[in-house]
Structures are given as structure tokens and as C-alpha cells.
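Take a look at the structure below.
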Amino acid sequence: MRIGSIALIGLTFLLLVACGSKSQTPLSFVDTVASTDLSQEKGGAVSLGITEKSLVEQLGKPQRTLNEGNMDFLIMYDDYQYTSRDNTIIGYSLSPKVRTAKEVKVGDSLADVTTKYGDAYYTREQDRSSFRGYIDKKNKWVLEFVIKDDQVTAINMSQLSSYE
């Protein structure tokens, strides 16, 4: 996958997190959906909450970094694009060639997502995008699938606190 496409996916995630307070966010649904265990989700064997330094030590020098003038940074690798705030990894987006822990990838159907992750989800709309989200209340994580025409177009994992 080309860096430009990866950057676009990551930038979309960054903008959605940064603009989250203007519309419904995953925090809006914490009390209305059951918890889903997302503990097996690992962004390139990297867990949310590690430092930028730990990320680079584990994965090597990134292909590119991006700062759009706010407090969030994108740290881009071939398979994942990590979002960092205050030197801590708060989220990541998967490239189209990468699968989630339950084997969902970009291009899969909405039915595939439901079959593999279950019915404890929320849906929301933002900036002409549809989201199907799963919340892990124990770990305080959220996994969101961006959906268009009943197909997954992007996959984002983040800490719930990134939407505060």
C-alpha cells in the first residue's frame, strides 16, 4: 500500500478524534452497549498506551510522521498508522492488507463484522461517514469500522479517553 493512502486513512482518523466533541463519539454509547472484549487487538504487536519511544523501539524508524498543528501526531508504518497525544499512543488505523484479531479487514461486509464481533455495537454518523463501533469497557478501548455501502472502508482502534 502506498504511503499516501495510508496517510489519508490515518489523517481521517486523526481528524475524527480531534473533532469528536462536535458530534456523537464512542463516549456517547458507553452506557448503552454491552462491553466487547477487545484485549486480543494488537496494532502490530503494540498495545495502546505505550510511549512514542517504545513504539519506535519495537517497530523501528517510522516511514513518516505528520503533525497537523494540533496536539496529535501520526506515526506511519506500512501496516499501521499510530496516533500519539502527549507522547502516548492513543490509537491506530489498520492498512487494508491487515486484519483485526478476529480476521476482519477493509473490504469485508458489514455482516462479516457482526458475525465476528457480535451484536453489542453502536452505530453513528459523522461527516458523511457511518461507523459501527465496539467498546471494551474493562480496557477502555473502542474499535470502529468505517462503513460505506455495507462494506468496511477503514478500521480504527483507540482509547476511549482520546474522545474526551
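Every chain in the C-alpha cells takes a letter, A first, then B, and so on in the order presented; its residues are numbered from 1, and the ligands are numbered from 1 following the presented order.
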Just the strand (DSSP E) stuff from range 42-158 of chain A, please, per backbone DSSP, written as a JSON list (two decimals) with N, CA and C atoms, in the first residue's frame.
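Generated file (result12.json):
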```json
[["chain", "number", "residue", "atom", "x", "y", "z"],
["A", 64, "ARG", "N", 7.09, 7.76, 8.10],
["A", 64, "ARG", "CA", 6.73, 9.17, 8.05],
["A", 64, "ARG", "C", 6.02, 9.55, 9.34],
["A", 65, "THR", "N", 6.15, 10.81, 9.72],
["A", 65, "THR", "CA", 5.36, 11.35, 10.82],
["A", 65, "THR", "C", 4.65, 12.59, 10.31],
["A", 66, "LEU", "N", 3.54, 12.91, 10.94],
["A", 66, "LEU", "CA", 2.74, 14.03, 10.48],
["A", 66, "LEU", "C", 2.13, 14.74, 11.67],
["A", 67, "ASN", "N", 2.21, 16.05, 11.68],
["A", 67, "ASN", "CA", 1.56, 16.87, 12.69],
["A", 67, "ASN", "C", 0.80, 17.96, 11.96],
["A", 72, "ASP", "N", -2.01, 16.23, 18.34],
["A", 72, "ASP", "CA", -1.91, 14.84, 17.91],
["A", 72, "ASP", "C", -0.89, 14.69, 16.78],
["A", 73, "PHE", "N", -0.17, 13.56, 16.81],
["A", 73, "PHE", "CA", 0.80, 13.23, 15.79],
["A", 73, "PHE", "C", 0.40, 11.91, 15.17],
["A", 74, "LEU", "N", 0.66, 11.75, 13.88],
["A", 74, "LEU", "CA", 0.53, 10.46, 13.21],
["A", 74, "LEU", "C", 1.92, 9.91, 12.99],
["A", 75, "ILE", "N", 2.09, 8.65, 13.34],
["A", 75, "ILE", "CA", 3.36, 7.96, 13.16],
["A", 75, "ILE", "C", 3.05, 6.80, 12.23],
["A", 76, "MET", "N", 3.58, 6.86, 11.01],
["A", 76, "MET", "CA", 3.15, 5.94, 9.96],
["A", 76, "MET", "C", 4.17, 4.85, 9.66],
["A", 80, "TYR", "N", 0.35, -0.07, 9.88],
["A", 80, "TYR", "CA", -0.44, 0.66, 10.87],
["A", 80, "TYR", "C", -0.03, 2.12, 10.88],
["A", 81, "GLN", "N", -0.99, 2.97, 11.24],
["A", 81, "GLN", "CA", -0.74, 4.38, 11.42],
["A", 81, "GLN", "C", -1.17, 4.70, 12.84],
["A", 82, "TYR", "N", -0.24, 5.10, 13.67],
["A", 82, "TYR", "CA", -0.50, 5.32, 15.09],
["A", 82, "TYR", "C", -0.75, 6.79, 15.35],
["A", 83, "THR", "N", -1.67, 7.06, 16.26],
["A", 83, "THR", "CA", -1.94, 8.42, 16.71],
["A", 83, "THR", "C", -1.37, 8.56, 18.10],
["A", 84, "SER", "N", -0.60, 9.64, 18.28],
["A", 84, "SER", "CA", 0.04, 9.91, 19.55],
["A", 84, "SER", "C", -0.43, 11.26, 20.08],
["A", 85, "ARG", "N", -0.69, 11.30, 21.37],
["A", 85, "ARG", "CA", -1.03, 12.55, 22.06],
["A", 85, "ARG", "C", -0.24, 12.57, 23.36],
["A", 88, "THR", "N", 2.04, 9.62, 24.04],
["A", 88, "THR", "CA", 1.43, 8.32, 24.32],
["A", 88, "THR", "C", 0.60, 7.88, 23.11],
["A", 89, "ILE", "N", 0.71, 6.61, 22.74],
["A", 89, "ILE", "CA", -0.06, 6.07, 21.62],
["A", 89, "ILE", "C", -1.50, 5.89, 22.09],
["A", 90, "ILE", "N", -2.42, 6.64, 21.47],
["A", 90, "ILE", "CA", -3.83, 6.61, 21.87],
["A", 90, "ILE", "C", -4.72, 5.90, 20.86],
["A", 91, "GLY", "N", -4.17, 5.57, 19.69],
["A", 91, "GLY", "CA", -4.97, 4.89, 18.69],
["A", 91, "GLY", "C", -4.14, 4.48, 17.50],
["A", 92, "TYR", "N", -4.77, 3.67, 16.64],
["A", 92, "TYR", "CA", -4.13, 3.29, 15.40],
["A", 92, "TYR", "C", -5.19, 2.93, 14.37],
["A", 93, "SER", "N", -4.79, 3.03, 13.11],
["A", 93, "SER", "CA", -5.61, 2.61, 11.97],
["A", 93, "SER", "C", -4.88, 1.48, 11.27],
["A", 94, "LEU", "N", -5.63, 0.54, 10.74],
["A", 94, "LEU", "CA", -5.06, -0.60, 10.04],
["A", 94, "LEU", "C", -5.01, -0.32, 8.55],
["A", 122, "TYR", "N", -22.62, -0.14, 18.54],
["A", 122, "TYR", "CA", -23.37, 1.10, 18.31],
["A", 122, "TYR", "C", -23.12, 1.52, 16.87],
["A", 123, "THR", "N", -23.97, 2.35, 16.37],
["A", 123, "THR", "CA", -23.75, 2.96, 15.06],
["A", 123, "THR", "C", -23.84, 4.47, 15.22],
["A", 124, "ARG", "N", -23.06, 5.16, 14.43],
["A", 124, "ARG", "CA", -23.10, 6.62, 14.45],
["A", 124, "ARG", "C", -22.73, 7.13, 13.07],
["A", 125, "GLU", "N", -23.11, 8.36, 12.84],
["A", 125, "GLU", "CA", -22.80, 9.04, 11.59],
["A", 125, "GLU", "C", -21.98, 10.28, 11.93],
["A", 126, "GLN", "N", -20.98, 10.56, 11.12],
["A", 126, "GLN", "CA", -20.19, 11.77, 11.30],
["A", 126, "GLN", "C", -19.54, 12.13, 9.97],
["A", 129, "SER", "N", -19.79, 9.88, 7.10],
["A", 129, "SER", "CA", -19.26, 8.54, 7.31],
["A", 129, "SER", "C", -20.14, 7.81, 8.31],
["A", 130, "SER", "N", -20.28, 6.51, 8.12],
["A", 130, "SER", "CA", -21.02, 5.65, 9.05],
["A", 130, "SER", "C", -20.02, 4.81, 9.82],
["A", 131, "PHE", "N", -20.27, 4.63, 11.10],
["A", 131, "PHE", "CA", -19.39, 3.87, 11.97],
["A", 131, "PHE", "C", -20.15, 2.76, 12.67],
["A", 132, "ARG", "N", -19.54, 1.59, 12.77],
["A", 132, "ARG", "CA", -20.01, 0.50, 13.62],
["A", 132, "ARG", "C", -18.93, 0.35, 14.67],
["A", 133, "GLY", "N", -19.29, 0.52, 15.95],
["A", 133, "GLY", "CA", -18.29, 0.51, 16.99],
["A", 133, "GLY", "C", -18.54, -0.50, 18.08],
["A", 134, "TYR", "N", -17.46, -0.99, 18.65],
["A", 134, "TYR", "CA", -17.47, -1.93, 19.78],
["A", 134, "TYR", "C", -16.61, -1.33, 20.89],
["A", 135, "ILE", "N", -17.12, -1.38, 22.10],
["A", 135, "ILE", "CA", -16.43, -0.78, 23.24],
["A", 135, "ILE", "C", -16.01, -1.87, 24.23],
["A", 136, "ASP", "N", -14.76, -1.82, 24.63],
["A", 136, "ASP", "CA", -14.24, -2.68, 25.68],
["A", 136, "ASP", "C", -14.19, -1.82, 26.94],
["A", 141, "TRP", "N", -11.25, 0.82, 25.63],
["A", 141, "TRP", "CA", -10.86, 0.90, 24.23],
["A", 141, "TRP", "C", -12.11, 0.89, 23.36],
["A", 142, "VAL", "N", -11.96, 1.37, 22.16],
["A", 142, "VAL", "CA", -13.04, 1.32, 21.18],
["A", 142, "VAL", "C", -12.47, 0.89, 19.83],
["A", 143, "LEU", "N", -13.17, -0.01, 19.17],
["A", 143, "LEU", "CA", -12.83, -0.46, 17.82],
["A", 143, "LEU", "C", -13.95, -0.01, 16.91],
["A", 144, "GLU", "N", -13.60, 0.81, 15.91],
["A", 144, "GLU", "CA", -14.62, 1.30, 14.99],
["A", 144, "GLU", "C", -14.30, 0.88, 13.57],
["A", 145, "PHE", "N", -15.36, 0.46, 12.88],
["A", 145, "PHE", "CA", -15.30, 0.12, 11.48],
["A", 145, "PHE", "C", -16.03, 1.22, 10.73],
["A", 146, "VAL", "N", -15.35, 1.84, 9.78],
["A", 146, "VAL", "CA", -15.99, 2.84, 8.94],
["A", 146, "VAL", "C", -16.66, 2.08, 7.80],
["A", 147, "ILE", "N", -17.93, 2.38, 7.56],
["A", 147, "ILE", "CA", -18.74, 1.61, 6.62],
["A", 147, "ILE", "C", -19.26, 2.49, 5.50],
["A", 148, "LYS", "N", -19.16, 1.99, 4.29],
["A", 148, "LYS", "CA", -19.79, 2.64, 3.13],
["A", 148, "LYS", "C", -20.34, 1.54, 2.24],
["A", 151, "GLN", "N", -19.85, -2.06, 3.32],
["A", 151, "GLN", "CA", -18.50, -2.62, 3.34],
["A", 151, "GLN", "C", -17.60, -1.80, 4.24],
["A", 152, "VAL", "N", -16.65, -2.47, 4.86],
["A", 152, "VAL", "CA", -15.66, -1.82, 5.71],
["A", 152, "VAL", "C", -14.69, -1.04, 4.82],
["A", 153, "THR", "N", -14.55, 0.26, 5.09],
["A", 153, "THR", "CA", -13.60, 1.08, 4.33],
["A", 153, "THR", "C", -12.40, 1.51, 5.17],
["A", 154, "ALA", "N", -12.50, 1.40, 6.48],
["A", 154, "ALA", "CA", -11.38, 1.72, 7.37],
["A", 154, "ALA", "C", -11.63, 1.08, 8.72],
["A", 155, "ILE", "N", -10.56, 0.81, 9.47],
["A", 155, "ILE", "CA", -10.65, 0.21, 10.79],
["A", 155, "ILE", "C", -9.76, 1.02, 11.73],
["A", 156, "ASN", "N", -10.35, 1.48, 12.84],
["A", 156, "ASN", "CA", -9.62, 2.30, 13.80],
["A", 156, "ASN", "C", -9.81, 1.76, 15.21],
["A", 157, "MET", "N", -8.72, 1.71, 15.95],
["A", 157, "MET", "CA", -8.73, 1.29, 17.35],
["A", 157, "MET", "C", -8.21, 2.44, 18.17],
["A", 158, "SER", "N", -8.86, 2.74, 19.29],
["A", 158, "SER", "CA", -8.38, 3.86, 20.11],
["A", 158, "SER", "C", -8.79, 3.71, 21.56]]
```
I need the residues in range 67-163 of chain A that are helix (DSSP H, G or I) according to DSSP; give them as an mmCIF file with N, CA and C atoms, in the first residue's frame.
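So the final result, stored in out39.cif, reads:
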```
data_model
loop_
_atom_site.group_PDB
_atom_site.id
_atom_site.type_symbol
_atom_site.label_atom_id
_atom_site.label_comp_id
_atom_site.auth_asym_id
_atom_site.auth_seq_id
_atom_site.Cartn_x
_atom_site.Cartn_y
_atom_site.Cartn_z
ATOM 1 N N LEU A 110 -20.391 -5.637 6.176
ATOM 2 C CA LEU A 110 -20.919 -5.308 7.500
ATOM 3 C C LEU A 110 -21.409 -6.575 8.202
ATOM 4 N N ALA A 111 -21.968 -7.499 7.453
ATOM 5 C CA ALA A 111 -22.411 -8.778 8.026
ATOM 6 C C ALA A 111 -21.223 -9.553 8.600
ATOM 7 N N ASP A 112 -20.067 -9.503 7.943
ATOM 8 C CA ASP A 112 -18.867 -10.171 8.461
ATOM 9 C C ASP A 112 -18.475 -9.588 9.814
ATOM 10 N N VAL A 113 -18.549 -8.264 9.938
ATOM 11 C CA VAL A 113 -18.210 -7.600 11.200
ATOM 12 C C VAL A 113 -19.128 -8.101 12.307
ATOM 13 N N THR A 114 -20.427 -8.119 12.038
ATOM 14 C CA THR A 114 -21.399 -8.555 13.045
ATOM 15 C C THR A 114 -21.187 -10.020 13.416
ATOM 16 N N THR A 115 -20.936 -10.865 12.428
ATOM 17 C CA THR A 115 -20.702 -12.281 12.694
ATOM 18 C C THR A 115 -19.493 -12.481 13.605
ATOM 19 N N LYS A 116 -18.437 -11.719 13.378
ATOM 20 C CA LYS A 116 -17.197 -11.923 14.117
ATOM 21 C C LYS A 116 -17.116 -11.159 15.436
ATOM 22 N N TYR A 117 -17.791 -10.014 15.525
ATOM 23 C CA TYR A 117 -17.710 -9.197 16.744
ATOM 24 C C TYR A 117 -19.001 -9.167 17.555
ATOM 25 N N LEU A 160 -10.699 5.104 24.690
ATOM 26 C CA LEU A 160 -11.900 5.935 24.855
ATOM 27 C C LEU A 160 -11.542 7.345 25.268
ATOM 28 N N SER A 161 -10.496 7.499 26.035
ATOM 29 C CA SER A 161 -10.100 8.827 26.508
ATOM 30 C C SER A 161 -9.697 9.765 25.371
ATOM 31 N N SER A 162 -9.386 9.224 24.213
ATOM 32 C CA SER A 162 -8.996 10.079 23.088
ATOM 33 C C SER A 162 -10.169 10.919 22.583
ATOM 34 N N TYR A 163 -11.378 10.572 22.995
ATOM 35 C CA TYR A 163 -12.565 11.316 22.569
ATOM 36 C C TYR A 163 -13.012 12.349 23.587
#
```
So that I can check the surroundings of Lys105 in chain A, please list as a JSON list (two decimals) with C-alpha atoms, in the first residue's frame every protein, DNA and RNA residue that reaches within 8 Å of it, counting only C-alpha atoms and ignoring chain neighbours fewer than 4 positions away.
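Result file selection.json:
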```json
[["chain", "number", "residue", "atom", "x", "y", "z"],
["A", 96, "PRO", "CA", -6.17, -2.51, 4.03],
["A", 97, "LYS", "CA", -3.87, -5.55, 4.00],
["A", 98, "VAL", "CA", -4.02, -6.03, 7.79],
["A", 99, "ARG", "CA", -6.74, -7.93, 9.66],
["A", 100, "THR", "CA", -8.12, -7.42, 13.15],
["A", 152, "VAL", "CA", -15.66, -1.82, 5.71],
["A", 155, "ILE", "CA", -10.65, 0.21, 10.79]]
```
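Distance-wise, CA of Asn70 in chain A and CA of Leu27 in chain A end up 21.4 Å apart.
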Proximity to Asp78 in chain A - best of A:Gly60, A:Ala101, A:Asp127, A:Lys42, only C-alpha atoms: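 When distances to Asp78 in chain A are compared using only C-alpha atoms, the smallest one comes from A:Gly60.
Distance-wise, CA of Ala34 in chain A and CA of Ser95 in chain A end up 27.6 Å apart.
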One-decimal distance in Å that lies between CA of Asp150 in chain A and CA of Asp31 in chain A: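 Going from CA of Asp31 in chain A over to CA of Asp150 in chain A, I get 25.9 Å.
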